[in-house]
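Everything below belongs to structure_33.cif, which stores mmCIF, C-alpha atoms and all ligand atoms.
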```cif
data_entry
loop_
_atom_site.label_atom_id
_atom_site.label_comp_id
_atom_site.auth_asym_id
_atom_site.auth_seq_id
_atom_site.Cartn_x
_atom_site.Cartn_y
_atom_site.Cartn_z
CA MET A 558 -30.58 17.58 22.95
CA SER A 559 -28.55 14.44 22.35
CA ILE A 560 -25.03 14.66 20.96
CA TYR A 561 -26.29 12.78 17.89
CA LYS A 562 -29.05 15.33 17.28
CA GLN A 563 -26.48 18.12 17.55
CA LYS A 564 -24.23 16.45 14.98
CA ILE A 565 -27.16 15.78 12.65
CA ASP A 566 -28.37 19.39 12.96
CA SER A 567 -24.87 20.65 12.04
CA TYR A 568 -24.92 18.41 8.97
CA LEU A 569 -28.43 19.53 7.98
CA GLN A 570 -27.48 23.18 8.33
CA LEU A 571 -24.38 22.68 6.17
CA GLN A 572 -26.44 20.90 3.51
CA GLY A 573 -29.32 23.38 3.68
CA LEU A 574 -31.76 20.64 4.67
CA LYS A 575 -34.59 20.58 7.21
CA ALA A 576 -34.46 16.87 8.09
CA LEU A 577 -33.16 13.51 6.97
CA GLN A 578 -35.65 11.04 5.45
CA LEU A 579 -33.64 7.98 6.40
CA ARG A 580 -34.11 4.91 4.15
CA ALA A 581 -30.66 3.32 3.84
CA VAL A 582 -27.38 2.72 5.67
CA LEU A 583 -24.28 2.38 3.51
CA PHE A 584 -21.64 0.22 5.19
CA ASP A 585 -17.99 0.09 4.28
CA MET A 586 -16.77 -3.53 4.41
CA ASP A 587 -13.14 -3.96 5.57
CA GLY A 588 -12.74 -2.81 9.15
CA VAL A 589 -16.52 -2.36 9.53
CA LEU A 590 -18.21 -5.66 8.61
CA PHE A 591 -15.12 -7.86 8.57
CA ASP A 592 -12.13 -7.71 10.91
CA SER A 593 -9.90 -7.92 7.86
CA MET A 594 -7.64 -4.90 8.16
CA PRO A 595 -4.80 -6.63 10.05
CA TYR A 596 -4.60 -9.14 7.18
CA HIS A 597 -4.79 -6.43 4.51
CA ALA A 598 -2.10 -4.44 6.33
CA SER A 599 0.18 -7.45 6.51
CA ALA A 600 -0.38 -8.56 2.89
CA TRP A 601 -0.03 -5.10 1.31
CA SER A 602 3.06 -4.12 3.28
CA GLN A 603 4.80 -7.42 2.51
CA VAL A 604 4.04 -7.37 -1.23
CA MET A 605 4.92 -3.68 -1.59
CA GLN A 606 8.15 -4.00 0.36
CA GLU A 607 9.20 -6.99 -1.73
CA ALA A 608 8.59 -4.83 -4.82
CA GLY A 609 10.92 -2.10 -3.46
CA TYR A 610 8.39 0.26 -1.94
CA ASN A 611 8.73 1.72 1.53
CA PHE A 612 5.22 0.78 2.69
CA THR A 613 4.45 -0.07 6.32
CA PRO A 614 1.26 -1.48 7.88
CA HIS A 615 0.55 2.09 9.09
CA ASP A 616 0.63 3.26 5.45
CA VAL A 617 -1.96 0.60 4.68
CA TYR A 618 -4.31 2.05 7.31
CA MET A 619 -3.75 5.59 6.02
CA ASN A 620 -4.56 4.44 2.46
CA GLU A 621 -7.42 2.20 3.52
CA GLY A 622 -10.42 2.52 1.23
CA ARG A 623 -8.44 3.07 -1.95
CA THR A 624 -8.63 0.46 -4.68
CA GLY A 625 -5.51 -1.68 -5.11
CA SER A 626 -4.61 0.23 -8.27
CA SER A 627 -4.90 3.60 -6.52
CA THR A 628 -2.89 2.38 -3.53
CA ILE A 629 0.02 1.34 -5.76
CA THR A 630 -0.15 4.46 -7.94
CA THR A 631 -0.23 6.77 -4.90
CA ALA A 632 2.76 5.02 -3.33
CA SER A 633 4.72 5.08 -6.58
CA LEU A 634 4.07 8.79 -7.18
CA ALA A 635 5.01 9.67 -3.60
CA GLN A 636 8.17 7.59 -3.58
CA PHE A 637 9.50 7.53 -7.14
CA GLY A 638 7.52 10.31 -8.83
CA THR A 639 6.36 7.88 -11.50
CA ILE A 640 3.07 6.27 -12.48
CA PRO A 641 3.43 2.48 -12.40
CA SER A 642 2.65 0.46 -15.53
CA GLN A 643 -0.65 -1.43 -15.70
CA GLU A 644 1.45 -4.59 -15.75
CA GLU A 645 3.11 -3.65 -12.42
CA ILE A 646 -0.29 -2.76 -10.90
CA ASP A 647 -1.83 -6.05 -12.03
CA ARG A 648 1.16 -8.03 -10.79
CA LEU A 649 1.15 -6.44 -7.31
CA CYS A 650 -2.66 -6.64 -6.94
CA LYS A 651 -2.55 -10.32 -7.84
CA ALA A 652 0.36 -10.98 -5.45
CA LYS A 653 -1.52 -9.23 -2.63
CA CYS A 654 -4.76 -11.14 -3.30
CA ASP A 655 -2.84 -14.43 -3.54
CA LEU A 656 -1.07 -13.79 -0.23
CA PHE A 657 -4.34 -12.67 1.44
CA ALA A 658 -5.96 -15.93 0.31
CA THR A 659 -3.34 -17.95 2.23
CA TYR A 660 -4.30 -16.30 5.55
CA PRO A 661 -6.84 -17.79 7.97
CA GLU A 662 -10.48 -16.98 7.20
CA THR A 663 -11.25 -13.35 8.06
CA PRO A 664 -13.63 -13.14 11.02
CA ARG A 665 -16.76 -11.03 10.96
CA MET A 666 -16.25 -7.78 12.89
CA GLN A 667 -17.53 -8.10 16.43
CA GLY A 668 -20.89 -6.36 16.73
CA ALA A 669 -21.33 -6.02 12.96
CA ILE A 670 -24.22 -8.41 12.48
CA GLU A 671 -26.05 -6.86 15.43
CA VAL A 672 -25.78 -3.41 13.82
CA VAL A 673 -26.93 -4.63 10.38
CA LYS A 674 -29.84 -6.57 11.89
CA LYS A 675 -30.97 -3.51 13.85
CA VAL A 676 -30.74 -1.38 10.70
CA LYS A 677 -32.89 -3.87 8.80
CA ALA A 678 -35.36 -4.20 11.69
CA CYS A 679 -35.86 -0.42 11.51
CA GLY A 680 -37.09 -0.88 7.94
CA LEU A 681 -33.90 0.54 6.41
CA THR A 682 -31.96 -0.89 3.46
CA PRO A 683 -28.40 -1.91 4.31
CA MET A 684 -25.87 -1.64 1.45
CA ILE A 685 -22.14 -2.32 1.16
CA VAL A 686 -19.78 0.20 -0.44
CA THR A 687 -16.23 -1.11 -0.55
CA GLY A 688 -12.99 -0.34 -2.36
CA SER A 689 -12.19 -4.00 -2.06
CA GLY A 690 -11.68 -6.27 -5.02
CA THR A 691 -10.73 -9.25 -2.87
CA PRO A 692 -12.75 -12.18 -4.27
CA THR A 693 -12.22 -14.37 -1.20
CA LEU A 694 -13.91 -11.81 1.05
CA LEU A 695 -16.68 -10.69 -1.30
CA ALA A 696 -17.69 -14.33 -1.68
CA ARG A 697 -18.19 -14.59 2.08
CA ILE A 698 -20.66 -11.73 2.56
CA GLU A 699 -23.79 -13.87 2.21
CA GLU A 700 -22.35 -16.60 4.43
CA ASN A 701 -21.56 -14.11 7.20
CA PHE A 702 -24.58 -11.81 6.79
CA PRO A 703 -27.26 -14.19 5.53
CA GLY A 704 -30.20 -12.46 3.86
CA LEU A 705 -29.02 -8.99 4.92
CA PHE A 706 -27.42 -7.58 1.75
CA ALA A 707 -29.05 -7.94 -1.68
CA ALA A 708 -26.49 -8.80 -4.39
CA ASP A 709 -27.17 -5.57 -6.32
CA HIS A 710 -26.75 -3.56 -3.11
CA ILE A 711 -23.02 -4.33 -2.93
CA ILE A 712 -20.69 -1.82 -4.66
CA THR A 713 -17.07 -2.98 -5.08
CA SER A 714 -13.89 -1.75 -6.79
CA PHE A 715 -15.12 -3.59 -9.90
CA ASN A 716 -18.09 -1.17 -10.24
CA VAL A 717 -16.34 2.23 -10.30
CA LYS A 718 -13.36 3.79 -12.08
CA ARG A 719 -12.53 6.20 -9.27
CA GLY A 720 -12.62 4.71 -5.77
CA LYS A 721 -12.56 6.36 -2.34
CA PRO A 722 -11.67 9.10 -1.33
CA HIS A 723 -13.67 10.16 -4.43
CA PRO A 724 -17.43 10.16 -3.82
CA ASP A 725 -18.09 7.87 -6.82
CA PRO A 726 -18.68 4.57 -4.94
CA TYR A 727 -21.20 6.23 -2.60
CA LEU A 728 -22.89 8.10 -5.46
CA LEU A 729 -23.25 4.81 -7.33
CA ALA A 730 -24.78 3.20 -4.23
CA LEU A 731 -27.36 6.02 -4.04
CA GLU A 732 -28.14 5.58 -7.73
CA ARG A 733 -28.45 1.78 -7.45
CA GLY A 734 -30.72 2.01 -4.44
CA GLY A 735 -32.71 4.95 -5.79
CA PHE A 736 -31.82 7.10 -2.77
CA ALA A 737 -31.11 10.81 -2.38
CA PRO A 738 -28.18 11.88 -0.15
CA TYR A 739 -30.61 12.92 2.62
CA GLU A 740 -32.07 9.39 2.62
CA ALA A 741 -28.87 7.55 3.56
CA ILE A 742 -26.01 7.60 6.04
CA VAL A 743 -22.50 6.13 5.87
CA VAL A 744 -20.65 3.92 8.35
CA GLU A 745 -16.88 4.00 7.70
CA ASN A 746 -13.72 3.17 9.63
CA ALA A 747 -10.97 4.82 7.57
CA PRO A 748 -10.10 8.48 6.87
CA LEU A 749 -10.30 8.17 3.07
CA GLY A 750 -13.61 6.32 3.35
CA VAL A 751 -15.00 9.08 5.56
CA GLN A 752 -13.82 11.64 3.00
CA ALA A 753 -15.68 9.73 0.27
CA GLY A 754 -18.93 9.71 2.26
CA VAL A 755 -18.64 13.41 3.06
CA ALA A 756 -17.79 14.22 -0.58
CA ALA A 757 -21.04 12.47 -1.58
CA ASN A 758 -22.85 14.89 0.82
CA LEU A 759 -23.85 12.02 3.12
CA PHE A 760 -24.10 12.11 6.91
CA THR A 761 -21.03 10.03 7.77
CA ILE A 762 -20.23 8.33 11.04
CA ALA A 763 -17.12 6.32 11.82
CA VAL A 764 -16.23 3.32 13.93
CA ASN A 765 -12.60 3.40 15.02
CA THR A 766 -11.76 -0.29 14.75
CA GLY A 767 -8.09 0.17 13.79
CA PRO A 768 -4.89 1.62 15.27
CA LEU A 769 -5.41 5.27 14.19
CA HIS A 770 -6.34 8.06 16.63
CA GLU A 771 -10.01 9.06 16.42
CA ASP A 772 -8.95 12.62 15.53
CA VAL A 773 -7.83 11.30 12.14
CA LEU A 774 -11.44 10.29 11.48
CA TYR A 775 -12.91 13.55 12.82
CA ASN A 776 -10.40 15.52 10.72
CA ALA A 777 -11.48 13.54 7.66
CA GLY A 778 -15.01 14.86 8.28
CA ALA A 779 -16.75 12.20 10.37
CA SER A 780 -19.76 13.67 12.19
CA TYR A 781 -19.31 11.24 15.08
CA VAL A 782 -16.79 8.50 15.90
CA PHE A 783 -17.80 5.35 17.80
CA PRO A 784 -14.98 3.32 19.38
CA SER A 785 -16.25 0.00 17.97
CA MET A 786 -19.13 -1.76 16.22
CA PRO A 787 -20.51 -3.15 19.52
CA ALA A 788 -20.58 0.46 20.78
CA LEU A 789 -22.57 1.48 17.68
CA ALA A 790 -24.91 -1.49 18.20
CA ASP A 791 -25.50 -0.37 21.80
CA GLU A 792 -26.19 3.23 20.75
CA TRP A 793 -28.20 2.41 17.59
CA GLU A 794 -31.66 3.11 19.08
CA LYS A 795 -30.58 6.56 20.33
CA LEU A 796 -28.86 7.35 17.04
CA PHE A 797 -31.88 6.16 15.03
CA GLU A 798 -34.19 8.31 17.11
CA ALA A 799 -32.03 11.36 16.38
CA LEU A 800 -31.76 10.45 12.69
CA THR A 801 -35.52 10.19 12.29
CA ALA A 802 -36.45 13.20 14.49
CA LYS A 803 -38.49 15.86 12.65
CA CA B 901 -12.63 0.22 5.67
#
```
Any chance you could give the structure as C-alpha cells?
Ligand code: CA
Amino acid sequence: MSIYKQKIDSYLQLQGLKALQLRAVLFDMDGVLFDSMPYHASAWSQVMQEAGYNFTPHDVYMNEGRTGSSTITTASLAQFGTIPSQEEIDRLCKAKCDLFATYPETPRMQGAIEVVKKVKACGLTPMIVTGSGTPTLLARIEENFPGLFAADHIITSFNVKRGKPHPDPYLLALERGGFAPYEAIVVENAPLGVQAGVAANLFTIAVNTGPLHEDVLYNAGASYVFPSMPALADEWEKLFEALTAK
C-alpha cells in the first residue's frame, strides 16, 4: 500500500468515511501558487516594526494565512494586551499593501502551473482559498494561470469575516463549488492554513515552500508534506490514484 493510501485511509477512518469522491482541489495562494511569501514577510515585518511591534519575518511565516486584520490584532494582543483600533488596522494594512506594491512582480511558484494543469486534466475543479487581500496579486491570477481558475472559484479575505485558521474560507469554497468535504482536498503551505483545512474536515496536504521545519506542518495536522510544488507535480499521478481508489 502506498504511503498516500495509508494517509488517506487514516483520514477516512477519522471522518467515518468509506472513500473520497474527489471532485475539487482547493489551493492556498501565497506560498503555493505564487512565490510571494518572502515579499510578504519583508513588507509585514517592516511595517509592523515601524509601528512599534516586535514582528520578525519568522513571525510572518508563523502567522501566514491570517487576514491582515487578524495578523495585526493577534500581534497587538500578544505584545500589548490590547485590541487595535479599526483605524490602526486599516492604516497598517494599507501601508503593507502599498509597500508590497513597490516590490518586483511576484513570480509564480515553480511547479505550480504543472500541478494545477494536472488537476484540471484529471477532470477536477481547481479553486483558490486565500487569506490574502492584496489587490496586486489577486489581479494577476488569470495572467499567471490562464483559464484555470473561474472567477467565482476564488475565495479571498474579502469574502469571509473569520479567516484561517478558522475553517470558514474552506467551508465557503465548498459551498460555492457545491462540494461536500469528502469531494475535495486542500493544498496548503502554512501551519494556520493547514489547521483551517483540517478544521473544515478536508484531507489536507502541505507543500513546504518556506523556511519552517516540516514538523510544524505535520503538527498542524497535514496528512502529508511535500518538499515543493515540483515534487507534488511529480507525485500527482500516484497521489491521484490513491485519492480515487475504492
Ligand atoms: Ca500560504
From CA of Gln752 (chain A) to CA of Arg580 (chain A) the spacing works out at 21.4 Å
Would you list the residues that come within 10 Å of ligand CA 901 (chain B)? Count all atoms listed in the file and give the answer as a ChimeraX atom specification.
/A:584-594,618,620-623,686-689,744-751,763-767
Within 12 Å of Asn716 (chain A) using all atoms listed in the file, minus same-chain residues under 5 positions, as a PDB file with C-alpha atoms, in the coordinates of the input:
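Saved to around_15.pdb:
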```
ATOM      1  CA  THR A 624      -8.630   0.460  -4.680  1.00  0.00           C
ATOM      2  CA  VAL A 686     -19.780   0.200  -0.440  1.00  0.00           C
ATOM      3  CA  THR A 687     -16.230  -1.110  -0.550  1.00  0.00           C
ATOM      4  CA  GLY A 688     -12.990  -0.340  -2.360  1.00  0.00           C
ATOM      5  CA  SER A 689     -12.190  -4.000  -2.060  1.00  0.00           C
ATOM      6  CA  GLY A 690     -11.680  -6.270  -5.020  1.00  0.00           C
ATOM      7  CA  ASP A 709     -27.170  -5.570  -6.320  1.00  0.00           C
ATOM      8  CA  HIS A 710     -26.750  -3.560  -3.110  1.00  0.00           C
ATOM      9  CA  ILE A 711     -23.020  -4.330  -2.930  1.00  0.00           C
ATOM     10  CA  ASP A 725     -18.090   7.870  -6.820  1.00  0.00           C
ATOM     11  CA  PRO A 726     -18.680   4.570  -4.940  1.00  0.00           C
ATOM     12  CA  TYR A 727     -21.200   6.230  -2.600  1.00  0.00           C
ATOM     13  CA  LEU A 728     -22.890   8.100  -5.460  1.00  0.00           C
ATOM     14  CA  LEU A 729     -23.250   4.810  -7.330  1.00  0.00           C
ATOM     15  CA  ALA A 730     -24.780   3.200  -4.230  1.00  0.00           C
ATOM     16  CA  ARG A 733     -28.450   1.780  -7.450  1.00  0.00           C
TER      17      ARG A 733
END
```
Nearest to Pro768 (chain A): which of A:Pro784, A:Pro661, A:Lys675, A:Ile565 is it, counting all atoms listed in the file?
A:Pro784
6 Å per side around region 579-591 of chain A: axis-aligned box centre and edge lengths, as JSON:
```
{"center_x": -23.4, "center_y": 0.1, "center_z": 6.5, "size_x": 33.4, "size_y": 27.8, "size_z": 18.0}
```
Distance of CA of Leu649 (chain A) from CA of Tyr610 (chain A), expressed in Å to one decimal place
11.2 Å
